[in-house]
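Q: So here's final_7.cif (mmCIF, C-alpha atoms).
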data_upload
loop_
_atom_site.label_atom_id
_atom_site.label_comp_id
_atom_site.auth_asym_id
_atom_site.auth_seq_id
_atom_site.Cartn_x
_atom_site.Cartn_y
_atom_site.Cartn_z
CA MET X 1 -54.27 104.32 43.48
CA THR X 2 -50.81 105.65 42.67
CA THR X 3 -48.64 106.56 45.68
CA PRO X 4 -47.59 110.24 45.54
CA LEU X 5 -43.84 110.56 44.99
CA THR X 6 -43.70 113.03 47.88
CA VAL X 7 -43.89 110.13 50.35
CA TYR X 8 -40.25 109.38 49.54
CA LEU X 9 -39.03 112.89 50.36
CA PRO X 10 -36.55 113.02 53.25
CA PHE X 11 -38.10 113.47 56.72
CA ASN X 12 -41.02 111.27 55.66
CA ARG X 13 -40.70 107.87 57.33
CA ASP X 14 -41.73 106.34 53.99
CA CYS X 15 -38.30 107.42 52.70
CA LEU X 16 -36.92 104.41 54.62
CA ARG X 17 -39.19 102.15 52.51
CA GLY X 18 -40.40 99.95 55.32
CA ALA X 19 -36.98 99.38 56.90
CA PHE X 20 -37.91 101.25 60.09
CA VAL X 21 -40.57 100.21 62.61
CA PRO X 22 -41.39 103.00 65.09
CA ALA X 23 -41.48 102.32 68.81
CA LYS X 24 -45.04 103.48 69.26
CA ARG X 25 -46.11 100.23 70.90
CA GLY X 26 -44.26 97.33 72.46
CA THR X 27 -41.73 96.69 75.15
CA LYS X 28 -38.60 98.81 75.39
CA PRO X 29 -35.49 96.63 74.80
CA PRO X 30 -33.70 95.78 78.05
CA ASN X 31 -30.29 96.87 76.75
CA GLU X 32 -29.42 100.21 75.20
CA ARG X 33 -27.52 98.87 72.23
CA GLY X 34 -27.86 99.68 68.52
CA ASN X 35 -27.66 102.85 66.42
CA TRP X 36 -27.42 106.18 68.23
CA LEU X 37 -29.17 109.33 67.00
CA ILE X 38 -27.46 112.01 69.08
CA VAL X 39 -28.76 115.51 68.43
CA GLN X 40 -26.94 118.70 69.36
CA ASP X 41 -28.63 121.96 68.39
CA GLN X 42 -30.24 120.58 65.18
CA LYS X 43 -27.04 118.75 64.30
CA LEU X 44 -26.64 114.98 64.18
CA ILE X 45 -23.52 113.41 65.66
CA VAL X 46 -22.16 111.05 63.00
CA ILE X 47 -18.97 109.23 62.02
CA PRO X 48 -17.40 109.99 58.61
CA ASP X 49 -17.56 106.96 56.33
CA GLY X 50 -15.86 107.60 52.99
CA GLU X 51 -17.84 110.34 51.31
CA SER X 52 -20.86 109.75 53.54
CA PHE X 53 -21.62 109.27 57.23
CA ARG X 54 -22.81 106.54 59.57
CA LEU X 55 -24.35 106.56 63.03
CA PRO X 56 -22.45 105.65 66.18
CA ALA X 57 -23.35 102.03 66.92
CA GLY X 58 -23.16 99.58 69.80
CA GLU X 59 -23.44 100.51 73.48
CA ARG X 60 -24.17 104.05 74.65
CA PRO X 61 -21.15 106.04 73.31
CA ALA X 62 -18.71 106.10 76.22
CA LYS X 63 -16.88 109.25 75.15
CA LEU X 64 -20.16 111.20 75.13
CA ASP X 65 -21.89 109.45 78.02
CA GLY X 66 -21.03 112.05 80.62
CA ALA X 67 -22.81 114.75 78.64
CA LEU X 68 -25.67 112.81 77.01
CA GLY X 69 -29.18 113.31 78.27
CA GLU X 70 -31.71 110.55 78.93
CA SER X 71 -32.07 108.14 76.03
CA LEU X 72 -35.32 107.35 74.21
CA TRP X 73 -36.09 104.24 72.18
CA LEU X 74 -37.11 105.41 68.71
CA GLY X 75 -37.70 102.09 66.97
CA THR X 76 -36.07 99.27 65.01
CA LEU X 77 -34.14 99.60 61.75
CA GLY X 78 -33.66 96.74 59.32
CA GLY X 79 -35.54 94.26 61.46
CA ASP X 80 -32.94 93.88 64.22
CA THR X 81 -31.12 97.17 64.94
CA GLU X 82 -32.59 99.28 67.72
CA CYS X 83 -32.37 103.05 67.32
CA TRP X 84 -31.81 105.23 70.37
CA VAL X 85 -32.13 109.00 70.66
CA ALA X 86 -30.24 111.19 73.10
CA PRO X 87 -29.74 114.97 73.38
CA LEU X 88 -26.29 116.51 73.67
CA PRO X 89 -26.06 119.98 75.26
CA ARG X 90 -25.16 122.80 72.92
CA ASP X 91 -21.88 123.55 74.73
CA ALA X 92 -20.73 119.92 75.01
CA VAL X 93 -17.39 119.12 73.37
CA VAL X 94 -17.55 116.48 70.64
CA PRO X 95 -14.53 114.12 70.39
CA GLU X 96 -12.52 114.21 67.15
CA GLU X 97 -13.75 110.86 65.81
CA PHE X 98 -17.27 112.25 65.63
CA HIS X 99 -18.63 114.91 63.31
CA ARG X 100 -21.54 117.33 63.73
CA GLU X 101 -23.63 117.54 60.56
CA THR X 102 -26.61 119.86 60.28
CA LEU X 103 -30.06 118.36 59.80
CA VAL X 104 -31.34 121.62 58.30
CA PRO X 105 -31.54 121.54 54.47
CA MET X 106 -31.30 125.34 54.21
CA GLN X 107 -27.94 125.16 55.96
CA GLY X 108 -26.50 122.83 53.34
CA THR X 109 -26.83 119.44 54.98
CA ARG X 110 -24.68 116.63 53.56
CA LEU X 111 -26.54 113.82 55.26
CA PRO X 112 -28.13 111.13 53.06
CA ASP X 113 -31.92 111.02 53.00
CA GLU X 114 -32.10 107.98 55.29
CA LEU X 115 -30.14 109.73 58.06
CA LEU X 116 -32.13 112.93 57.55
CA SER X 117 -35.35 110.98 58.04
CA LEU X 118 -34.11 109.21 61.17
CA GLY X 119 -32.63 112.43 62.48
CA GLY X 120 -35.88 114.27 61.86
CA MET X 121 -37.80 111.72 63.91
CA ALA X 122 -35.16 112.02 66.62
CA MET X 123 -35.56 115.81 66.76
CA GLN X 124 -39.34 115.49 67.00
CA ALA X 125 -39.05 112.94 69.81
CA LEU X 126 -36.72 115.23 71.74
CA TRP X 127 -38.95 118.25 71.12
CA TRP X 128 -41.93 116.33 72.47
CA GLU X 129 -39.99 115.28 75.56
CA SER X 130 -38.88 118.86 76.20
CA THR X 131 -42.40 120.30 75.90
CA SER X 132 -44.57 117.60 77.51
CA GLY X 133 -43.12 117.28 80.99
CA PHE X 134 -46.00 119.11 82.65
CA CYS X 135 -49.76 118.86 82.20
CA PRO X 136 -51.15 121.71 80.06
CA ARG X 137 -54.39 121.56 82.07
CA CYS X 138 -53.28 121.59 85.73
CA GLY X 139 -49.49 121.96 85.58
CA ASP X 140 -48.62 118.73 87.40
CA ARG X 141 -45.72 116.58 86.15
CA THR X 142 -46.77 114.06 83.50
CA GLU X 143 -45.97 110.37 83.14
CA ARG X 144 -45.35 108.32 79.98
CA LEU X 145 -48.24 106.11 78.91
CA ALA X 146 -47.11 102.50 78.67
CA GLY X 147 -46.24 101.54 75.09
CA GLU X 148 -47.03 105.06 73.79
CA TRP X 149 -45.37 108.40 73.12
CA GLY X 150 -48.30 110.05 74.89
CA LYS X 151 -48.22 111.49 78.41
CA ARG X 152 -50.77 111.31 81.22
CA CYS X 153 -51.26 113.57 84.19
CA PRO X 154 -51.60 111.49 87.39
CA ARG X 155 -53.46 114.33 89.07
CA CYS X 156 -56.23 115.23 86.62
CA THR X 157 -55.85 112.19 84.26
CA TYR X 158 -55.55 114.42 81.17
CA GLU X 159 -53.77 112.65 78.30
CA HIS X 160 -51.97 114.30 75.40
CA TYR X 161 -49.85 113.10 72.52
CA PRO X 162 -47.13 114.47 70.22
CA HIS X 163 -48.41 117.43 68.27
CA LEU X 164 -48.19 117.92 64.50
CA HIS X 165 -49.02 121.34 63.10
CA PRO X 166 -50.55 121.22 59.58
CA ALA X 167 -49.41 123.85 57.11
CA VAL X 168 -50.24 124.30 53.43
CA ILE X 169 -47.81 125.15 50.63
CA VAL X 170 -48.85 125.91 47.07
CA VAL X 171 -47.62 126.39 43.51
CA VAL X 172 -49.71 129.08 41.84
CA ARG X 173 -49.61 128.90 38.03
CA ASP X 174 -50.85 131.35 35.42
CA GLY X 175 -50.10 129.97 31.97
CA ASP X 176 -46.32 129.94 31.53
CA ARG X 177 -45.54 131.86 34.70
CA VAL X 178 -45.40 130.87 38.38
CA LEU X 179 -45.84 132.91 41.56
CA LEU X 180 -42.89 132.79 43.99
CA ALA X 181 -42.15 134.67 47.19
CA ARG X 182 -39.25 135.24 49.57
CA LYS X 183 -38.65 136.08 53.21
CA GLY X 184 -35.96 138.53 54.23
CA ILE X 185 -34.11 135.95 56.36
CA TRP X 186 -33.48 133.67 53.37
CA ALA X 187 -30.28 133.58 51.35
CA PRO X 188 -30.07 136.48 48.87
CA GLY X 189 -31.97 135.78 45.67
CA ARG X 190 -33.76 132.67 46.97
CA TYR X 191 -37.49 132.35 46.29
CA ALA X 192 -39.96 129.65 47.26
CA LEU X 193 -43.71 129.08 47.57
CA VAL X 194 -46.43 130.72 49.59
CA ALA X 195 -47.11 128.67 52.71
CA GLY X 196 -48.84 129.01 56.06
CA PHE X 197 -50.48 127.23 58.97
CA VAL X 198 -54.05 125.94 58.91
CA ASP X 199 -56.47 127.82 61.19
CA ASN X 200 -59.04 126.26 63.50
CA GLY X 201 -62.19 125.28 61.60
CA GLU X 202 -60.47 125.64 58.24
CA SER X 203 -60.17 123.09 55.43
CA LEU X 204 -56.81 122.61 53.76
CA GLU X 205 -58.15 124.12 50.53
CA GLY X 206 -59.56 127.04 52.47
CA ALA X 207 -56.17 127.60 54.08
CA VAL X 208 -54.52 127.68 50.63
CA ALA X 209 -56.90 130.33 49.32
CA ARG X 210 -56.64 132.44 52.50
CA GLU X 211 -52.82 132.30 52.77
CA VAL X 212 -52.32 133.28 49.14
CA LYS X 213 -54.80 136.15 49.47
CA GLU X 214 -53.32 137.39 52.76
CA GLU X 215 -49.65 137.14 51.83
CA VAL X 216 -49.62 138.16 48.16
CA GLY X 217 -53.10 139.59 47.48
CA VAL X 218 -54.26 137.35 44.63
CA ASP X 219 -57.08 134.85 44.25
CA VAL X 220 -56.70 131.21 43.22
CA LYS X 221 -58.93 128.44 41.92
CA ASP X 222 -58.68 124.73 40.97
CA ILE X 223 -56.85 123.95 44.22
CA THR X 224 -55.55 120.38 43.92
CA TYR X 225 -53.74 118.24 46.49
CA VAL X 226 -50.35 116.81 45.45
CA GLY X 227 -48.64 115.31 48.49
CA SER X 228 -47.18 115.99 51.92
CA GLN X 229 -43.95 116.08 53.88
CA ASN X 230 -43.14 115.81 57.55
CA TRP X 231 -41.03 118.85 58.46
CA PRO X 232 -39.40 118.45 61.90
CA PHE X 233 -38.56 122.11 62.60
CA PRO X 234 -39.97 121.44 65.10
CA SER X 235 -43.18 119.54 64.23
CA GLN X 236 -44.95 120.56 61.02
CA LEU X 237 -46.79 118.59 58.37
CA MET X 238 -46.45 120.41 55.04
CA VAL X 239 -49.41 119.69 52.75
CA GLY X 240 -48.67 120.53 49.11
CA PHE X 241 -51.08 121.85 46.48
CA VAL X 242 -51.16 123.31 42.99
CA ALA X 243 -53.59 126.09 42.09
CA THR X 244 -54.49 128.34 39.19
CA TYR X 245 -54.39 132.13 39.31
CA ALA X 246 -57.91 133.55 39.40
CA GLY X 247 -57.32 137.31 39.52
CA GLY X 248 -55.91 140.24 41.48
CA GLU X 249 -52.66 142.15 41.63
CA ILE X 250 -49.74 141.19 43.81
CA GLN X 251 -49.78 143.03 47.13
CA VAL X 252 -47.11 141.73 49.50
CA ASP X 253 -47.81 141.51 53.23
CA PRO X 254 -44.58 143.07 54.60
CA GLU X 255 -45.01 141.34 57.95
CA GLU X 256 -44.76 137.95 56.24
CA LEU X 257 -42.70 138.46 53.09
CA GLU X 258 -39.98 140.64 51.61
CA ASP X 259 -41.06 140.13 48.01
CA ALA X 260 -43.35 138.18 45.70
CA ARG X 261 -43.50 138.19 41.91
CA TRP X 262 -44.35 136.21 38.80
CA PHE X 263 -41.48 134.36 37.15
CA PRO X 264 -41.43 132.73 33.71
CA CYS X 265 -41.50 128.95 34.17
CA SER X 266 -38.44 128.73 31.95
CA SER X 267 -36.40 131.23 33.99
CA LEU X 268 -36.71 130.68 37.73
CA PRO X 269 -34.56 132.28 40.46
CA GLY X 270 -32.59 130.55 43.22
CA LEU X 271 -34.76 127.86 44.80
CA PRO X 272 -34.85 125.77 47.98
CA SER X 273 -32.80 122.57 48.15
CA ARG X 274 -34.11 119.29 46.76
CA HIS X 275 -34.94 118.09 50.28
CA SER X 276 -38.14 120.12 50.61
CA ILE X 277 -41.65 119.70 49.26
CA SER X 278 -41.36 123.32 48.12
CA ARG X 279 -38.68 122.31 45.60
CA PHE X 280 -40.57 119.13 44.67
CA LEU X 281 -43.67 121.16 43.80
CA ILE X 282 -41.71 123.73 41.83
CA ASP X 283 -39.79 121.11 39.86
CA ASN X 284 -42.86 119.05 39.01
CA PHE X 285 -45.58 121.68 38.65
CA GLY X 286 -43.86 125.06 38.34
CA ARG X 287 -41.56 124.62 35.36
#
Transcribe the structure of this file into structure tokens.
A:
Amino acid sequence: MTTPLTVYLPFNRDCLRGAFVPAKRGTKPPNERGNWLIVQDQKLIVIPDGESFRLPAGERPAKLDGALGESLWLGTLGGDTECWVAPLPRDAVVPEEFHRETLVPMQGTRLPDELLSLGGMAMQALWWESTSGFCPRCGDRTERLAGEWGKRCPRCTYEHYPHLHPAVIVVVRDGDRVLLARKGIWAPGRYALVAGFVDNGESLEGAVAREVKEEVGVDVKDITYVGSQNWPFPSQLMVGFVATYAGGEIQVDPEELEDARWFPCSSLPGLPSRHSISRFLIDNFGR
């Protein structure tokens, strides 16, 4: 079976091509030494390195140590380099030798795909830590399960684990035209694909048909899976499809979208950056 090319999109761990082993199980290293993934308000603290960037390395960065939050062991890179995650408060001052680079593709990130993928995992780990401190059943403080990212409540014994929220995203084709939509908060002139979260009791294909009908008013058929992308803003799994137009006129849901329209495949508007599965689907199935 051929591996979908989407597995190598940034934010997918596969992008690191086996070089990273996550710290899901095993013993935490005794010394906090290695690469540091320091996140400040969806920005990664990096060191300029020619035309690219590298991570702070070695012991816990001394010049940031007074402001850094508790560190988490993320995993091992390249077989012998431990990766540590730590949050930096939004108002903390960053010394001149460091640089804050956004992890958000829509904000024009300049980080290479490998650092985006590591940074995405770091953001998800920090999000989980910030939202799992108390039991969702009884409200007592939780404890980390040994060798796991999961948490356990010592009072009621309820266990829960990091949450991923599945969402579908779809290219809708009709001959030599493609259906694109835009939200009002996006950059002027930028269009992308219809997307939305999967409901309880719903198949992925069912979610595709429902989202397209609800947001733009048309019906689709021949819904076919293409690939997926982890999207750490904060914890989504984007599942990509292609579909064929099956009828209906465009009727935009104004609570979800600003506009939706058919575009000739040979003349598309401004599109998302190459980092997203939205752009991957458009480039490979919408042109």
Q: So which residues get picked by the PyMOL selection byres ((chain X and resi 123-140) around 10) here, written as a PyMOL selection string?
A: chain X and resi 37-44+70-74+85-87+103+117-122+141-144+149-164+231-236
Q: Those selected residues, please, written with C-alpha atoms and delivered as a PDB file, in the frame of the given file.
A:
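Result file is selection_0.pdb:
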ATOM      1  CA  LEU X  37     -29.170 109.330  67.000  1.00  0.00           C
ATOM      2  CA  ILE X  38     -27.460 112.010  69.080  1.00  0.00           C
ATOM      3  CA  VAL X  39     -28.760 115.510  68.430  1.00  0.00           C
ATOM      4  CA  GLN X  40     -26.940 118.700  69.360  1.00  0.00           C
ATOM      5  CA  ASP X  41     -28.630 121.960  68.390  1.00  0.00           C
ATOM      6  CA  GLN X  42     -30.240 120.580  65.180  1.00  0.00           C
ATOM      7  CA  LYS X  43     -27.040 118.750  64.300  1.00  0.00           C
ATOM      8  CA  LEU X  44     -26.640 114.980  64.180  1.00  0.00           C
ATOM      9  CA  GLU X  70     -31.710 110.550  78.930  1.00  0.00           C
ATOM     10  CA  SER X  71     -32.070 108.140  76.030  1.00  0.00           C
ATOM     11  CA  LEU X  72     -35.320 107.350  74.210  1.00  0.00           C
ATOM     12  CA  TRP X  73     -36.090 104.240  72.180  1.00  0.00           C
ATOM     13  CA  LEU X  74     -37.110 105.410  68.710  1.00  0.00           C
ATOM     14  CA  VAL X  85     -32.130 109.000  70.660  1.00  0.00           C
ATOM     15  CA  ALA X  86     -30.240 111.190  73.100  1.00  0.00           C
ATOM     16  CA  PRO X  87     -29.740 114.970  73.380  1.00  0.00           C
ATOM     17  CA  LEU X 103     -30.060 118.360  59.800  1.00  0.00           C
ATOM     18  CA  SER X 117     -35.350 110.980  58.040  1.00  0.00           C
ATOM     19  CA  LEU X 118     -34.110 109.210  61.170  1.00  0.00           C
ATOM     20  CA  GLY X 119     -32.630 112.430  62.480  1.00  0.00           C
ATOM     21  CA  GLY X 120     -35.880 114.270  61.860  1.00  0.00           C
ATOM     22  CA  MET X 121     -37.800 111.720  63.910  1.00  0.00           C
ATOM     23  CA  ALA X 122     -35.160 112.020  66.620  1.00  0.00           C
ATOM     24  CA  ARG X 141     -45.720 116.580  86.150  1.00  0.00           C
ATOM     25  CA  THR X 142     -46.770 114.060  83.500  1.00  0.00           C
ATOM     26  CA  GLU X 143     -45.970 110.370  83.140  1.00  0.00           C
ATOM     27  CA  ARG X 144     -45.350 108.320  79.980  1.00  0.00           C
ATOM     28  CA  TRP X 149     -45.370 108.400  73.120  1.00  0.00           C
ATOM     29  CA  GLY X 150     -48.300 110.050  74.890  1.00  0.00           C
ATOM     30  CA  LYS X 151     -48.220 111.490  78.410  1.00  0.00           C
ATOM     31  CA  ARG X 152     -50.770 111.310  81.220  1.00  0.00           C
ATOM     32  CA  CYS X 153     -51.260 113.570  84.190  1.00  0.00           C
ATOM     33  CA  PRO X 154     -51.600 111.490  87.390  1.00  0.00           C
ATOM     34  CA  ARG X 155     -53.460 114.330  89.070  1.00  0.00           C
ATOM     35  CA  CYS X 156     -56.230 115.230  86.620  1.00  0.00           C
ATOM     36  CA  THR X 157     -55.850 112.190  84.260  1.00  0.00           C
ATOM     37  CA  TYR X 158     -55.550 114.420  81.170  1.00  0.00           C
ATOM     38  CA  GLU X 159     -53.770 112.650  78.300  1.00  0.00           C
ATOM     39  CA  HIS X 160     -51.970 114.300  75.400  1.00  0.00           C
ATOM     40  CA  TYR X 161     -49.850 113.100  72.520  1.00  0.00           C
ATOM     41  CA  PRO X 162     -47.130 114.470  70.220  1.00  0.00           C
ATOM     42  CA  HIS X 163     -48.410 117.430  68.270  1.00  0.00           C
ATOM     43  CA  LEU X 164     -48.190 117.920  64.500  1.00  0.00           C
ATOM     44  CA  TRP X 231     -41.030 118.850  58.460  1.00  0.00           C
ATOM     45  CA  PRO X 232     -39.400 118.450  61.900  1.00  0.00           C
ATOM     46  CA  PHE X 233     -38.560 122.110  62.600  1.00  0.00           C
ATOM     47  CA  PRO X 234     -39.970 121.440  65.100  1.00  0.00           C
ATOM     48  CA  SER X 235     -43.180 119.540  64.230  1.00  0.00           C
ATOM     49  CA  GLN X 236     -44.950 120.560  61.020  1.00  0.00           C
TER      50      GLN X 236
END
Q: For the provided coordinates, the residues matched by the PyMOL selection byres ((chain X and resi 79) around 10) should be stated as a ChimeraX atom specification.
A: /X:18-21,75-78,80-82
Q: Work out how far CA of Asp49 in chain X is from CA of Val93 in chain X, in Å to one decimal.
A: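 Computing it gives 20.9 Å between the two atoms.
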Q: What are the closest atom pairs, with distances in Å to one decimal, for each residue of range 95-184 of chain X lying within 9 Å of range 267-275 of chain X, using only C-alpha atoms, rows by chain and rising residue number, as JSON lines?
A:
{"residue": "X:Pro105", "atom": "CA", "partner": "X:His275", "partner_atom": "CA", "distance": 6.4}
{"residue": "X:Met106", "atom": "CA", "partner": "X:Ser273", "partner_atom": "CA", "distance": 6.8}
{"residue": "X:Gly108", "atom": "CA", "partner": "X:Ser273", "partner_atom": "CA", "distance": 8.2}
{"residue": "X:Asp113", "atom": "CA", "partner": "X:His275", "partner_atom": "CA", "distance": 8.2}
{"residue": "X:Val178", "atom": "CA", "partner": "X:Leu268", "partner_atom": "CA", "distance": 8.7}
Q: Rounded to one decimal place, report the CA of Leu68 in chain X-CA of Lys24 in chain X distance in Å.
A: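 Interatomic distance here is 22.9 Å.
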Q: With only C-alpha atoms as the atoms that count, which of X:Pro95, X:Gly217, X:Pro22, X:Pro48 lies nearest to Ala67 in chain X?
A: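 Checking each candidate against Ala67 in chain X, we get X:Pro95 as the closest.
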Q: Could you give me, as a PyMOL selection string, the residues that sit within 12 Å of (-28.8, 109.3, 53.0) in the file's coordinates, counting all atoms listed in the file?
A: chain X and resi 8-11+15-16+49+51-55+103+109-119+275
Q: Determine, counting all atoms listed in the file, every residue of protein, DNA or RNA that lies within 7 Å of (-55.6, 130.6, 41.0) in the file coordinates, then give the result as a list in words.
A: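 It turns out the residues near that spot are Val172, Arg173, Asp219, Val220, Lys221, Asp222, Ala243, Thr244, Tyr245 and Ala246 of chain X.
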Q: For Asp176 in chain X, please output as a PyMOL selection string all residues within 9 Å (counting only C-alpha atoms; exclusion window: fewer than 5 positions along the same chain).
A: chain X and resi 263-266+286-287
Q: Please provide as number ranges by chain all residues within 7 Å of Ala181 in chain X, with the sequence filter that same-chain residues fewer than 2 positions apart are discarded (counting only C-alpha atoms).
A: X: 179, 191-194, 259-261
Q: Name the residues that the PyMOL selection byres ((chain X and resi 32) around 9) picks from the file above, as a CSV table (one decimal) with C-alpha atoms, in the frame of the given file, using the file's chain letters and numbers.
A:
chain,number,residue,atom,x,y,z
X,29,PRO,CA,-35.5,96.6,74.8
X,30,PRO,CA,-33.7,95.8,78.0
X,31,ASN,CA,-30.3,96.9,76.8
X,33,ARG,CA,-27.5,98.9,72.2
X,34,GLY,CA,-27.9,99.7,68.5
X,58,GLY,CA,-23.2,99.6,69.8
X,59,GLU,CA,-23.4,100.5,73.5
X,60,ARG,CA,-24.2,104.0,74.6
X,71,SER,CA,-32.1,108.1,76.0
X,73,TRP,CA,-36.1,104.2,72.2
X,82,GLU,CA,-32.6,99.3,67.7
X,83,CYS,CA,-32.4,103.0,67.3
X,84,TRP,CA,-31.8,105.2,70.4
Q: Record the distance separating CA of Val170 in chain X and CA of Ser278 in chain X, expressed in Å with one decimal.
A: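 Computing the Euclidean distance for CA of Val170 in chain X and CA of Ser278 in chain X yields 8.0 Å.
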Q: Given only C-alpha atoms as the basis, pick out the residue of X:Phe280, X:Trp186, X:Phe197, X:Trp262 nearest to Val226 in chain X.
A: X:Phe280
Q: I'd like the box whose edges run along x, y and z of the file and which contains every listed atom of range 249-257 of chain X, padded by 5 Å per side; could you state its centre and edge lengths in Å, one decimal, as lines of an AutoDock Vina configuration file?
A:
center_x = -47.7
center_y = 140.5
center_z = 49.8
size_x = 20.0
size_y = 15.1
size_z = 26.3
